[in-house]
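Contents: one structure, followed by commentary.
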2 protein chains.
Amino acid sequence: MSIPETQQAVIITAAGGPEVLQVTTQPVPKPGPSQVLIKVSAAGVNRHDCNQRTSGPAYGGSPIPGLEVSGQIVAAGNEVNEARGGETVCALVQGGGYAEYVVADSALALSAPERLNPIEAAAIPEALFTAWYNFFTLMKLQKDEYALIHGGTSGVGHLALQAMSALGYRVIATSGTDEKCAAALKFGAAAAFSYKDPELAQKVKDATNGQGIGALLDMSAGAHVATDFEMMAPGGRIVHLSGGGGKALTLPLRQVMAKQLWVSGSLLRPLAQARKAVIAEQLREEVWPLLGRAVRPTISHEYSLNEAASAHREMEKNSHIGKIMLVPAS
Amino acid sequence: MSIPETQQAVIITAAGGPEVLQVTTQPVPKPGPSQVLIKVSAAGVNRHDCNQRTSGPAYGGSPIPGLEVSGQIVAAGNEVNEARGGETVCALVQGGGYAEYVVADSALALSAPERLNPIEAAAIPEALFTAWYNFFTLMKLQKDEYALIHGGTSGVGHLALQAMSALGYRVIATSGTDEKCAAALKFGAAAAFSYKDPELAQKVKDATNGQGIGALLDMSAGAHVATDFEMMAPGGRIVHLSGGGGKALTLPLRQVMAKQLWVSGSLLRPLAQARKAVIAEQLREEVWPLLGRAVRPTISHEYSLNEAASAHREMEKNSHIGKIMLVPAS
């Protein structure tokens with residue numbers, strides 16, 4: 001397969017709204033020694049990309065957003081097994097996904113699951129790496145505990161619910177609407193409640209038979225700290241995925257001490273490649289066999305690269321269930 | 001040995017200043033099935049006791065303060081090995097230590113180390129249980145990390161520095177005065193700095209060769225959060241021991257995420273007895289052989305039970321190095 005010198009790619013032209021995303025002609029990147037070059041079939045849109053757009057082109061090292069793709073390996077560095085040439089993969093990438101071609105670390109480009117189409121395959125990496133890293137690597141969730149995800153129908157939420165429930169973990173979800181709560185239950189939530197419910201903490205405690213939550217994933221930057229703390233089990237862990245635009249997180253220190261809660265936060269993108277590779281291996285072993293069976297991403301919207309601005313507007317409307325995807329012209 | 005029906009004990013007569021502590025005649029407690037009755041040789045005074053006094057007699061289940069004693073076992077419940085009768089022990093107790101007699105769970109009454117006198121033996125339990133629980137059980141400190149203790153000459157601090165440095169851990173201390181910093185170095189601190197130093201974070205980072213702090217014990221209720229966060233290593237853990245009178249802890253969420261820090265807090269007194277018993281076993285195995293050799297408490301002041309108010313005034317002056325002790329009339 002001949003590889004062109006240039007490609008069409010979406011760049012962030014300036015910090016701003018969705019209109020700053022524009023398709024431009026960019027060089028096709030060259031894979032480093034341990035990297036593969038992927039001809040992109042589809043790319044996932046993530047909340048992170050909207051934050052990156054707001055921060056401007058310099059943020060994150062590449063003006064091209066996009067953290068996950070599916071596609072075919074069309075070239076590889078000299079440390080990569082030659083047998084991978086032509087393989088259909090889905091990959092976690094360090095930006096650059098909103099494009100026709102992108103490079104990925106070979107260890108983070110996993111064989112695309114047979115039972116998923118290319119758009120579904122591209123919808124998987126960011127959500128599953130995020131769920132696995134936070135619930136298992138960091139929070140060390142146990143099967144006799146309950147987990148909770150605020151935002152059970154988000155990209156991360158809906159896939160985490162499916163994978164974790166299939167693996168035998170009990171996960172409770174919150175969502176903003178009745179429709180989303182119903183969807184969360186379908187995705188495998190043990191229970192689903194509106195996060196606006198004034199009795200949320202009591203309902204969650206009842207749903208856990210009084211045990212409380214052992215591991216909580218919070219994407220609200222601590223919008224409901226008092227409720228969260230009330231429903232945590234002693235020794236419970238909370239990880240924040242949203243920095244809330246630089247705001248402070250205010251914790252009731254006595255309650256932290258009395259329940260011996262752990263509060264942390266994480267970012268997937270800057271995580272060391274070696275640590276991501278460990279997660280990739282665990283996903284390959286534990287979750288890959290479930291893909292297309294118990295676990296299948298819900299695709300909410302598809303857009304062409306030209307429509308990247310519309311994709312970001314859709315993400316920021318916050319009414320979608322599942323994933324928003326970009327598909328380059330083939 | 002005949003056991004009297006009543007004893008002299010210090011009680012908190014009302015919430016208030018040191019003057020609310022008064023010696024009164026109280027019943028000698030009866031040991032439960034798994035408890036021992038100890039004739040007290042000496043009792044330690046802890047910051048917790050001052051907080052309990054401020055909160056009033058109902059706080060903590062007993063109006064008699066005191067969380068640690070040394071003495072002789074003079075009676076025991078029917079589940080306790082009879083061979084323990086007459087044994088000289090030091091024990092972690094659930095209040096009641098400022099007295100002539102106190103009950104302790106048998107598992108938390110450890111043989112008093114031969115090389116320590118009774119006053120030194122009583123100075124050990126609270127500090128060593130606290131240091132062990134927080135640094136090892138909760139923060140899982142590793143030998144290739146650095147630890148930091150704010151308050152390196154406190155009761156907990158000066159014994160933690162001795163025990164942990166003897167076990168091969170690298171612990172940095174902060175203190176409020178040059179004299180205390182010099183004492184902290186003598187206790188085994190790898191480095192000691194004033195916590196008022198405006199360049200504290202940079203000095204700590206330099207002292208760790210840029211690595212930063214892996215595990216930090218904070219008794220200041222987050223008084224120096226910005227400095228603490230600056231000197232933490234990625235993945236570092238912070239545990240708070242002071243609730244700061246109910247105040248909120250304000251964390252820079254983005255920094256929590258960027259460094260993937262864990263923040264928690266703990267209370268030793270309400271910890272389940274079974275978990276305390278595990279700590280007791282670990283201390284017996286790892287630290288007991290060091291007592292009177294590498295680890296010996298510094299006794300700052302001794303008072304009689306009648307002088308409990310003076311002991312609390314001394315604690316609250318904050319100028320002592322090491323432990324303040326109470327000694328009942330024998």
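Letters for chains follow the order of the structure tokens (A, B, ...), residue numbers begin at 1 for each chain, and ligand numbers begin at 1 in the order shown.
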
**OP:** Please report as a PyMOL selection string which residues of chain B come no farther than 12 Å from chain A, using only C-alpha atoms.
**Re:** chain B and resi 133-134+137-139+218-222+225-226+234-272

Same residues, C-alpha atoms, saved as a PDB file, in the first residue's frame:
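Saved result, part_16.pdb, follows:
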```pdb
ATOM      1  CA  TYR B 133      -1.126   2.113  60.766  1.00  0.00           C
ATOM      2  CA  ASN B 134      -0.742   5.254  58.700  1.00  0.00           C
ATOM      3  CA  THR B 137      -1.279  -0.214  56.594  1.00  0.00           C
ATOM      4  CA  LEU B 138      -2.766   2.821  54.843  1.00  0.00           C
ATOM      5  CA  MET B 139      -0.014   4.537  52.829  1.00  0.00           C
ATOM      6  CA  ASP B 218      -0.144  15.706  58.208  1.00  0.00           C
ATOM      7  CA  MET B 219      -1.285  16.787  61.679  1.00  0.00           C
ATOM      8  CA  SER B 220      -1.919  20.398  60.627  1.00  0.00           C
ATOM      9  CA  ALA B 221      -5.387  19.875  59.079  1.00  0.00           C
ATOM     10  CA  GLY B 222      -4.020  20.962  55.729  1.00  0.00           C
ATOM     11  CA  VAL B 225      -1.634  22.152  51.319  1.00  0.00           C
ATOM     12  CA  ALA B 226       0.072  24.086  48.514  1.00  0.00           C
ATOM     13  CA  PRO B 234       3.588  11.384  41.524  1.00  0.00           C
ATOM     14  CA  GLY B 235       1.290   8.780  43.066  1.00  0.00           C
ATOM     15  CA  GLY B 236       2.085  10.068  46.571  1.00  0.00           C
ATOM     16  CA  ARG B 237      -0.246   9.565  49.537  1.00  0.00           C
ATOM     17  CA  ILE B 238      -1.168  12.091  52.233  1.00  0.00           C
ATOM     18  CA  VAL B 239      -2.994  11.107  55.430  1.00  0.00           C
ATOM     19  CA  HIS B 240      -4.460  13.716  57.769  1.00  0.00           C
ATOM     20  CA  LEU B 241      -4.603  13.035  61.490  1.00  0.00           C
ATOM     21  CA  SER B 242      -6.160  16.342  62.554  1.00  0.00           C
ATOM     22  CA  GLY B 243      -9.680  17.378  61.646  1.00  0.00           C
ATOM     23  CA  GLY B 244      -8.872  21.017  62.346  1.00  0.00           C
ATOM     24  CA  GLY B 245     -11.998  21.569  64.413  1.00  0.00           C
ATOM     25  CA  GLY B 246     -14.398  20.688  61.609  1.00  0.00           C
ATOM     26  CA  LYS B 247     -12.903  22.834  58.908  1.00  0.00           C
ATOM     27  CA  ALA B 248     -12.903  21.982  55.222  1.00  0.00           C
ATOM     28  CA  LEU B 249      -9.841  20.768  53.370  1.00  0.00           C
ATOM     29  CA  THR B 250      -9.357  22.642  50.097  1.00  0.00           C
ATOM     30  CA  LEU B 251      -7.415  20.801  47.425  1.00  0.00           C
ATOM     31  CA  PRO B 252      -6.175  22.025  44.032  1.00  0.00           C
ATOM     32  CA  LEU B 253      -8.015  19.380  42.001  1.00  0.00           C
ATOM     33  CA  ARG B 254      -5.933  19.733  38.840  1.00  0.00           C
ATOM     34  CA  GLN B 255      -2.739  19.118  40.806  1.00  0.00           C
ATOM     35  CA  VAL B 256      -4.351  16.077  42.465  1.00  0.00           C
ATOM     36  CA  MET B 257      -5.056  14.739  38.971  1.00  0.00           C
ATOM     37  CA  ALA B 258      -1.758  15.739  37.366  1.00  0.00           C
ATOM     38  CA  LYS B 259       0.290  14.042  40.111  1.00  0.00           C
ATOM     39  CA  GLN B 260      -2.322  11.373  40.829  1.00  0.00           C
ATOM     40  CA  LEU B 261      -2.052  12.063  44.550  1.00  0.00           C
ATOM     41  CA  TRP B 262      -4.169  10.251  47.133  1.00  0.00           C
ATOM     42  CA  VAL B 263      -5.535  12.212  50.074  1.00  0.00           C
ATOM     43  CA  SER B 264      -7.085  10.562  53.093  1.00  0.00           C
ATOM     44  CA  GLY B 265      -7.420  10.880  56.844  1.00  0.00           C
ATOM     45  CA  SER B 266      -7.671   8.458  59.723  1.00  0.00           C
ATOM     46  CA  LEU B 267      -8.620   8.072  63.358  1.00  0.00           C
ATOM     47  CA  LEU B 268      -6.963   5.374  65.447  1.00  0.00           C
ATOM     48  CA  ARG B 269      -9.374   5.245  68.389  1.00  0.00           C
ATOM     49  CA  PRO B 270     -12.528   4.061  66.523  1.00  0.00           C
ATOM     50  CA  LEU B 271     -10.590   1.558  64.396  1.00  0.00           C
ATOM     51  CA  ALA B 272     -11.982  -1.964  64.745  1.00  0.00           C
TER      52      ALA B 272
END
```

**OP:** List every residue of stretch 83-328 of chain B that DSSP, applied to the backbone of this structure, assigns to alpha helix (DSSP H), and report them as number ranges by chain.
**Re:** B: 118-122, 125-132, 155-166, 178-186, 200-207, 225-231, 253-259, 273-286, 308-317

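From atom CA of B:Pro29 back to atom CA of B:Gly96, the distance works out to 9.3 Å.
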
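A straight-line distance of 9.0 Å separates atom CA of A:Gln8 from atom CA of A:Tyr98.
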
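By only C-alpha atoms, and with residues fewer than 4 positions from A:Leu108 along its chain excluded, the set lying at most 8 Å from it is Ala91, Leu92, Val93, Ala104, Lys276, Ala277 and Ala280 of chain A.
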
Subject >> Filtered DSSP result for stretch 195-303 of chain B, state strand (DSSP E), as JSON, numbers by chain >> reply: {"B": [213, 214, 215, 216, 217, 218, 232, 233, 234, 235, 236, 237, 238, 239, 240, 248, 249, 250, 251, 252, 262, 263, 264, 265, 299, 300, 301, 302, 303]}

Original post:
Which neighbours of stretch 192-202 of chain B fall inside 6 Å, counting only C-alpha atoms, when residues of the same chain fewer than 5 positions from it are skipped, and could you give them as a PyMOL selection string?
Top reply: chain B and resi 172-176+181+227+231

Subject >> Within 6 Å of B:Ser304 using only C-alpha atoms, minus same-chain residues under 6 positions, as a ChimeraX atom specification >> reply: /B:326-328
